[in-house]
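**Q** This is the structure, below, for whatever I ask next.
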Amino acid sequence: MKIATFNINGIKARLGALTDWLEEARPDVVVLQEIKSVDEGFPREPIEDLGYTVETHGQKGFNGVAILSRLPLEDVRRGLPGDDSDEQARWIEALVVGDQTAVRVCGLYLPNGNPAPGPKYDYKLAWMERLRDRARDLLAEEEPAIMAGDYNVIPQPEDCADPKAWADDALFLPETRAAFQRIVNLGFTDALRATTAAPETYTFWDYQRGAWERNNGIRIDHLLLTPQAADRLNGCTIDSAVRGREKPSDHVPVWIELDA
DNA sequence: ATGTCGTAACGTTTACGA
């Protein structure tokens, strides 16, 4: 089972880039972030025509997540539990029924948090606390599950080309990294780090200052696996070349292959 | 060089979020 995460930075501007990539990569499941669309405005048909079921959790203008799947979906849930007053669309999950086993796939768009300190950073840290609660519940199920998406967290200095430039940024502050590590430490496997020692494995390059051409990137799109999913992990790939195409997102797809 | 995008809106341009 091939499962991908892709922050597309606006579905209306990225539909062609997305369908091109779906046709060539043929992932079984994709979690999307920053669809920047309400559910009714999401262009379902061109994606359904490629064989995908489309489940969205959108809002006007910003944020928004989705799951695309060629395999049957059950138990689709929208919104991260823990705060009924939170109206930002940043979480969607579903049970994907594979040939060998079912896998719970969670797609997330963790708050950016800048500027820090401030209310946006407070919201980021509070959201990460709620994520930890959901993560703990997933582990308790003792089933294959993954939490994939744009975490807006640079876990370690080696996850960015220029650590000094990110020192005061909400994506790299010690408190951010500690909160991410606390989640991983519950018992999750970072799929990329578990399968490759390659340096300079970035997933995002800013549109500004020729970041892509200079490989001035950061690794912020992650797939975290429960032990039961990690036991089935066959590899993890960053489709970096997508960043060099026409009208690219500033993120690229990251995907794993599971025996499932 | 506060440098690029995508989206929304009292839209031919500005504000916001990233």
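By convention here, the chains of the structure tokens are called A, B, ... in the order presented, each chain's residues are numbered starting at 1, and ligands are numbered starting at 1 in the order presented.
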List the spatial neighbours of range 1-5 of chain B as an MDAnalysis selection string - criterion: any atom at most 12 Å away, only C-alpha atoms (C1' of nucleotides), same-chain residues fewer than 3 positions off excluded.
**A** (chainID A and resid 8:10 13:14 205:211 247:250) or (chainID B and resid 17:18)
**Q** Residues of the last selection are to be written out with C-alpha atoms (C1' of nucleotides), as a compact mmCIF listing (two decimals), in the first residue's frame.
**A**
```txt
# COMPACT_ATOMS: atom_id res chain seq x y z
CA ILE A 8 -0.53 21.35 -2.44
CA ASN A 9 -0.86 25.04 -1.47
CA GLY A 10 -4.25 25.61 -3.08
CA ALA A 13 -4.00 26.53 -8.58
CA ARG A 14 -2.56 23.02 -8.30
CA TRP A 205 11.62 25.10 -0.40
CA ASP A 206 10.44 28.71 -0.09
CA TYR A 207 9.29 30.49 -3.25
CA GLN A 208 11.61 33.38 -2.39
CA ARG A 209 15.33 33.95 -2.86
CA GLY A 210 15.91 31.02 -5.19
CA ALA A 211 15.55 28.53 -2.35
CA LYS A 247 3.67 26.18 -11.13
CA PRO A 248 4.84 23.92 -8.28
CA SER A 249 3.66 23.86 -4.69
CA ASP A 250 6.36 24.95 -2.26
C1' DG B 17 -1.29 33.88 5.72
C1' DA B 18 2.46 31.21 4.73
```
**Q** Env of range 103-120 of chain A: 7 Å cut, atoms = only C-alpha atoms (C1' of nucleotides), seq-sep filter 6 positions within chain, self excluded. Answer as a PDB file with N, CA and C atoms, in the first residue's frame.
**A**
```pdb
ATOM      1  N   VAL A  31      -2.906  12.011   1.528  1.00  0.00           N
ATOM      2  CA  VAL A  31      -3.475  13.063   2.368  1.00  0.00           C
ATOM      3  C   VAL A  31      -2.947  14.395   1.847  1.00  0.00           C
ATOM      4  N   GLN A  33      -2.843  18.715   2.177  1.00  0.00           N
ATOM      5  CA  GLN A  33      -2.979  19.848   3.087  1.00  0.00           C
ATOM      6  C   GLN A  33      -3.019  21.147   2.290  1.00  0.00           C
ATOM      7  N   ARG A  90      -7.919  21.230   9.934  1.00  0.00           N
ATOM      8  CA  ARG A  90      -6.523  20.772   9.911  1.00  0.00           C
ATOM      9  C   ARG A  90      -6.363  19.263  10.135  1.00  0.00           C
ATOM     10  N   TRP A  91      -7.457  18.521  10.212  1.00  0.00           N
ATOM     11  CA  TRP A  91      -7.338  17.094  10.527  1.00  0.00           C
ATOM     12  C   TRP A  91      -8.428  16.304   9.835  1.00  0.00           C
ATOM     13  N   ILE A  92      -8.044  15.197   9.198  1.00  0.00           N
ATOM     14  CA  ILE A  92      -9.010  14.251   8.642  1.00  0.00           C
ATOM     15  C   ILE A  92      -8.387  12.860   8.742  1.00  0.00           C
ATOM     16  N   GLU A  93      -9.201  11.871   9.050  1.00  0.00           N
ATOM     17  CA  GLU A  93      -8.670  10.514   9.151  1.00  0.00           C
ATOM     18  C   GLU A  93      -9.704   9.524   8.652  1.00  0.00           C
ATOM     19  N   ALA A  94      -9.228   8.342   8.279  1.00  0.00           N
ATOM     20  CA  ALA A  94     -10.120   7.286   7.810  1.00  0.00           C
ATOM     21  C   ALA A  94      -9.419   5.939   7.942  1.00  0.00           C
ATOM     22  N   LEU A  95     -10.224   4.897   7.973  1.00  0.00           N
ATOM     23  CA  LEU A  95      -9.685   3.536   7.955  1.00  0.00           C
ATOM     24  C   LEU A  95      -9.622   3.083   6.498  1.00  0.00           C
ATOM     25  N   VAL A  96      -8.417   2.760   6.034  1.00  0.00           N
ATOM     26  CA  VAL A  96      -8.202   2.314   4.660  1.00  0.00           C
ATOM     27  C   VAL A  96      -8.158   0.793   4.651  1.00  0.00           C
ATOM     28  N   VAL A  97      -9.021   0.177   3.855  1.00  0.00           N
ATOM     29  CA  VAL A  97      -9.124  -1.277   3.838  1.00  0.00           C
ATOM     30  C   VAL A  97      -8.191  -1.834   2.764  1.00  0.00           C
ATOM     31  N   PRO A 144      -2.135  -1.036  12.855  1.00  0.00           N
ATOM     32  CA  PRO A 144      -1.362  -0.191  11.940  1.00  0.00           C
ATOM     33  C   PRO A 144      -2.044   1.169  11.745  1.00  0.00           C
ATOM     34  N   ALA A 145      -1.325   2.240  12.035  1.00  0.00           N
ATOM     35  CA  ALA A 145      -1.865   3.586  11.870  1.00  0.00           C
ATOM     36  C   ALA A 145      -0.721   4.530  11.527  1.00  0.00           C
ATOM     37  N   ILE A 146      -1.034   5.548  10.730  1.00  0.00           N
ATOM     38  CA  ILE A 146      -0.021   6.550  10.417  1.00  0.00           C
ATOM     39  C   ILE A 146      -0.627   7.939  10.566  1.00  0.00           C
ATOM     40  N   MET A 147       0.212   8.863  11.012  1.00  0.00           N
ATOM     41  CA  MET A 147      -0.167  10.279  11.068  1.00  0.00           C
ATOM     42  C   MET A 147       0.769  10.998  10.100  1.00  0.00           C
ATOM     43  N   ALA A 148       0.196  11.495   8.989  1.00  0.00           N
ATOM     44  CA  ALA A 148       1.029  12.070   7.932  1.00  0.00           C
ATOM     45  C   ALA A 148       0.556  13.477   7.617  1.00  0.00           C
ATOM     46  N   GLY A 149       1.505  14.331   7.272  1.00  0.00           N
ATOM     47  CA  GLY A 149       1.108  15.673   6.861  1.00  0.00           C
ATOM     48  C   GLY A 149       2.217  16.689   7.004  1.00  0.00           C
ATOM     49  N   ASP A 150       1.769  17.951   6.917  1.00  0.00           N
ATOM     50  CA  ASP A 150       2.669  19.095   7.102  1.00  0.00           C
ATOM     51  C   ASP A 150       2.660  19.430   8.583  1.00  0.00           C
ATOM     52  N   TYR A 151       3.738  19.032   9.274  1.00  0.00           N
ATOM     53  CA  TYR A 151       3.821  19.241  10.719  1.00  0.00           C
ATOM     54  C   TYR A 151       4.293  20.647  11.062  1.00  0.00           C
ATOM     55  N   ASN A 152       4.803  21.384  10.095  1.00  0.00           N
ATOM     56  CA  ASN A 152       5.393  22.697  10.381  1.00  0.00           C
ATOM     57  C   ASN A 152       6.378  22.619  11.543  1.00  0.00           C
ATOM     58  N   ASP A 169      12.388  30.928  14.594  1.00  0.00           N
ATOM     59  CA  ASP A 169      11.153  30.645  13.872  1.00  0.00           C
ATOM     60  C   ASP A 169      10.326  29.607  14.625  1.00  0.00           C
ATOM     61  N   ALA A 170       8.991  29.756  14.533  1.00  0.00           N
ATOM     62  CA  ALA A 170       8.083  28.837  15.227  1.00  0.00           C
ATOM     63  C   ALA A 170       8.256  27.391  14.772  1.00  0.00           C
ATOM     64  N   LEU A 171       8.828  27.168  13.580  1.00  0.00           N
ATOM     65  CA  LEU A 171       9.015  25.807  13.084  1.00  0.00           C
ATOM     66  C   LEU A 171      10.215  25.106  13.733  1.00  0.00           C
TER      67      LEU A 171
END
```
**Q** For a quick check of understanding, using only C-alpha atoms (C1' of nucleotides), which of A:Gly98, A:Ala140, A:His251, A:Thr56 has the smallest distance to chain B?
**A**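 Ranked by minimum distance to chain B, first place goes to A:His251.
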**Q** Which residues come within 8 Å of DT7 in chain B, counting only C-alpha atoms (C1' of nucleotides), excluding same-chain residues fewer than 3 positions away, as a count of residues only?
**A** 3
**Q** Write down as a ChimeraX atom specification the residues of range 47-137 of chain A whose backbone DSSP state falls under alpha helix (DSSP H).
**A** /A:47-48,119-137
**Q** Name the residues of range 9-240 of chain A that come out as strand (DSSP E) in a backbone DSSP run; write them as a PyMOL selection string.
**A** chain A and resi 29-33+53-57+65-69+73-78+91-97+102-109+145-150+189-190+204-205+217-218+221-225+233-238
**Q** Taking 2 positions as the minimum chain separation for residues in the same chain, which residues sit within 7 Å of range 227-230 of chain A when counting only C-alpha atoms (C1' of nucleotides)? Answer as JSON, numbers by chain.
**A** {"A": [142, 143, 144, 145, 188, 189, 225, 232, 233]}
**Q** Which residue out of A:Glu23, A:Asp239, A:Asp159, A:Glu34 has the minimum interatomic distance to chain B when only C-alpha atoms (C1' of nucleotides) are used?
**A**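 Residue with the minimum atom-to-atom distance to chain B: A:Glu34.
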**Q** Quick one: everything within 7 Å of Arg219 in chain A, counting only C-alpha atoms (C1' of nucleotides), minus sequence neighbours fewer than 5 positions away in the same chain. Send it as a PyMOL selection string.
**A** chain A and resi 154+159-160+201-204
**Q** Would you mind reading off the distance between CA of Val38 in chain A and CA of Lys60 in chain A, one decimal, in Å?
**A**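 We find that CA of Val38 in chain A and CA of Lys60 in chain A lie 5.2 Å from each other.
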**Q** Could you jot down the CA of Leu138 in chain A to CA of Leu258 in chain A separation for me, Å, one decimal place?
**A**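 It comes out at 17.8 Å.
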**Q** Expressed in Å to a single decimal, how great is the separation between CA of Gly187 in chain A and CA of Arg136 in chain A?
**A**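 Result for CA of Gly187 in chain A versus CA of Arg136 in chain A: 8.9 Å, one decimal.
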